[in-house]
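What follows is a short report on a single structure.
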Amino acid sequence: MHWTLEVVPVPVTDMDRAKEFYAEKCGFAVDLDDAVAPGVRIVQLTPPGSRCSLALLSGMPPMPGTKEMAPGTLQGLQFCVTDIEAARAEFVGRGVEVSEIQHVGENGWEAGKGGTWNAFMTFDDPDGNGWMVQEAPSELSER
């Protein structure tokens, strides 16, 4: 049996603002924007080349046995790109506030790229949900 991560719920306060950020600024494709029940809206977006989507939720009650995340509490999930400089330049060109490229070195986080798998940048959405972007040596299908 294959287990795939295909949807990450992202807690947001303003669906339209979050949709604009992820679609217009980040360049993610809008797959769905639908009211699935009275007072329940889902906006699903997919990063270019990804099989995993983000689901922005509004009014969705937590599934029994689960906990609700407050907006801004999602932190540290990683996107991977094969060219972190190009990804950073694209985000900056689209108006996304993104950190400088950093790597883990002898003294903790240091400026610039490190070796393979050791180049990162970060950005936050309008609610403060924090993302990392990591440079991968090749596309997922080639690993």
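Letters A, B, ... mark the chains of the structure tokens in the order given; residue numbers begin at 1 per chain; ligand numbers begin at 1, in order shown.
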- Item | Near-stretch 31-44 of chain A list (8 Å; only C-alpha atoms; drop same-chain fewer than 2 positions) as a PyMOL selection string | chain A and resi 15+19+29+46+53-60
Spatial neighbours of stretch 62-73 of chain A, 8 Å, only C-alpha atoms, chain gap at least 6 places, as a compact mmCIF listing (two decimals) with N, CA and C atoms, in the first residue's frame:
# COMPACT_ATOMS: atom_id res chain seq x y z
N VAL A 10 -4.45 24.41 5.99
CA VAL A 10 -3.78 25.63 6.41
C VAL A 10 -4.80 26.53 7.09
N PRO A 11 -4.62 26.81 8.39
CA PRO A 11 -5.58 27.64 9.10
C PRO A 11 -5.38 29.12 8.77
N VAL A 12 -6.44 29.77 8.31
CA VAL A 12 -6.37 31.19 7.93
C VAL A 12 -7.56 31.94 8.50
N THR A 13 -7.43 33.25 8.62
CA THR A 13 -8.53 34.08 9.12
C THR A 13 -9.37 34.65 8.00
N ASP A 127 -1.29 35.28 7.68
CA ASP A 127 -1.68 34.93 9.04
C ASP A 127 -0.50 34.55 9.92
N GLY A 128 0.70 34.44 9.34
CA GLY A 128 1.86 34.04 10.12
C GLY A 128 2.16 32.55 10.07
N ASN A 129 1.45 31.79 9.22
CA ASN A 129 1.83 30.40 9.00
C ASN A 129 3.19 30.43 8.32
N GLY A 130 4.16 29.70 8.87
CA GLY A 130 5.54 29.79 8.38
C GLY A 130 5.97 28.57 7.59
- List every residue of stretch 32-75 of chain A that DSSP, applied to the backbone, labels as strand (DSSP E or B), and write the result as number ranges by chain. A: 32-37, 40-46, 53-58, 75
Mind writing the picked residues with N, CA and C atoms as an mmCIF file, in the first residue's frame?
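This went into part-v3.cif:
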data_model
loop_
_atom_site.group_PDB
_atom_site.id
_atom_site.type_symbol
_atom_site.label_atom_id
_atom_site.label_comp_id
_atom_site.auth_asym_id
_atom_site.auth_seq_id
_atom_site.Cartn_x
_atom_site.Cartn_y
_atom_site.Cartn_z
ATOM 1 N N LEU A 32 -9.750 24.456 -6.432
ATOM 2 C CA LEU A 32 -11.115 24.417 -5.937
ATOM 3 C C LEU A 32 -11.368 25.640 -5.077
ATOM 4 N N ASP A 33 -12.524 26.235 -5.226
ATOM 5 C CA ASP A 33 -13.014 27.288 -4.335
ATOM 6 C C ASP A 33 -14.510 27.060 -4.241
ATOM 7 N N ASP A 34 -14.922 26.401 -3.159
ATOM 8 C CA ASP A 34 -16.298 25.940 -3.107
ATOM 9 C C ASP A 34 -16.851 26.006 -1.686
ATOM 10 N N ALA A 35 -18.127 26.349 -1.606
ATOM 11 C CA ALA A 35 -18.856 26.245 -0.344
ATOM 12 C C ALA A 35 -19.431 24.831 -0.319
ATOM 13 N N VAL A 36 -18.874 23.973 0.514
ATOM 14 C CA VAL A 36 -19.266 22.563 0.513
ATOM 15 C C VAL A 36 -20.485 22.290 1.391
ATOM 16 N N ALA A 37 -20.799 23.224 2.263
ATOM 17 C CA ALA A 37 -21.980 23.147 3.129
ATOM 18 C C ALA A 37 -22.255 24.579 3.580
ATOM 19 N N VAL A 40 -19.396 26.668 5.201
ATOM 20 C CA VAL A 40 -18.128 25.937 5.092
ATOM 21 C C VAL A 40 -17.553 26.144 3.693
ATOM 22 N N ARG A 41 -16.386 26.782 3.619
ATOM 23 C CA ARG A 41 -15.728 27.058 2.335
ATOM 24 C C ARG A 41 -14.353 26.406 2.336
ATOM 25 N N ILE A 42 -14.007 25.820 1.202
ATOM 26 C CA ILE A 42 -12.683 25.228 1.010
ATOM 27 C C ILE A 42 -12.063 25.847 -0.230
ATOM 28 N N VAL A 43 -10.836 26.320 -0.102
ATOM 29 C CA VAL A 43 -10.043 26.749 -1.249
ATOM 30 C C VAL A 43 -8.830 25.835 -1.266
ATOM 31 N N GLN A 44 -8.661 25.099 -2.356
ATOM 32 C CA GLN A 44 -7.524 24.194 -2.477
ATOM 33 C C GLN A 44 -6.601 24.702 -3.567
ATOM 34 N N LEU A 45 -5.314 24.769 -3.251
ATOM 35 C CA LEU A 45 -4.302 25.271 -4.181
ATOM 36 C C LEU A 45 -3.140 24.290 -4.243
ATOM 37 N N THR A 46 -2.506 24.196 -5.415
ATOM 38 C CA THR A 46 -1.384 23.279 -5.579
ATOM 39 C C THR A 46 -0.165 24.032 -6.106
ATOM 40 N N SER A 53 -1.459 19.360 -2.164
ATOM 41 C CA SER A 53 -2.140 20.654 -2.209
ATOM 42 C C SER A 53 -2.283 21.243 -0.820
ATOM 43 N N LEU A 54 -2.566 22.529 -0.784
ATOM 44 C CA LEU A 54 -2.924 23.218 0.449
ATOM 45 C C LEU A 54 -4.432 23.402 0.449
ATOM 46 N N ALA A 55 -5.057 23.189 1.593
ATOM 47 C CA ALA A 55 -6.500 23.401 1.715
ATOM 48 C C ALA A 55 -6.731 24.497 2.742
ATOM 49 N N LEU A 56 -7.176 25.647 2.262
ATOM 50 C CA LEU A 56 -7.557 26.739 3.144
ATOM 51 C C LEU A 56 -8.990 26.474 3.557
ATOM 52 N N LEU A 57 -9.246 26.497 4.848
ATOM 53 C CA LEU A 57 -10.562 26.107 5.345
ATOM 54 C C LEU A 57 -11.212 27.240 6.106
ATOM 55 N N SER A 58 -12.522 27.380 5.922
ATOM 56 C CA SER A 58 -13.304 28.345 6.674
ATOM 57 C C SER A 58 -14.618 27.703 7.083
ATOM 58 N N GLN A 75 3.686 25.704 11.207
ATOM 59 C CA GLN A 75 5.070 26.168 11.104
ATOM 60 C C GLN A 75 5.998 25.052 10.627
#
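Note that DSSP on the backbone gives helix (DSSP H, G or I) to these residues of stretch 1-137 of chain A: Met15, Asp16, Arg17, Ala18, Lys19, Glu20, Phe21, Tyr22, Ala23, Glu24, Lys25, Ile84, Glu85, Ala86, Ala87, Arg88, Ala89, Glu90, Phe91, Val92 and Gly93 of chain A.
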- Interatomic distance, atom CA of A:Leu5 to atom CA of A:Cys52 (Å, one decimal): 6.2 Å
- Message: Ranking A:Val98, A:Met1, A:Val7, A:Ile84 by minimum distance to A:Ser138 and counting only C-alpha atoms, which one comes first?
- Response: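 Counting only C-alpha atoms, the residue closest to A:Ser138 is A:Ile84.
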- When distances are computed from only C-alpha atoms, which of A:Glu110, A:Ser141, A:Thr4, A:Ser50 shows the smallest separation from A:Phe79?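 Nearest candidate to A:Phe79 out of A:Glu110, A:Ser141, A:Thr4, A:Ser50: A:Ser50.
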- Message: Residues near A:Val133, anyone? I mean within 10 Å using only C-alpha atoms, not counting same-chain ones fewer than 6 positions away, as a PyMOL selection string.
- Response: chain A and resi 76-81+84+87-88+98-99+101+119-123
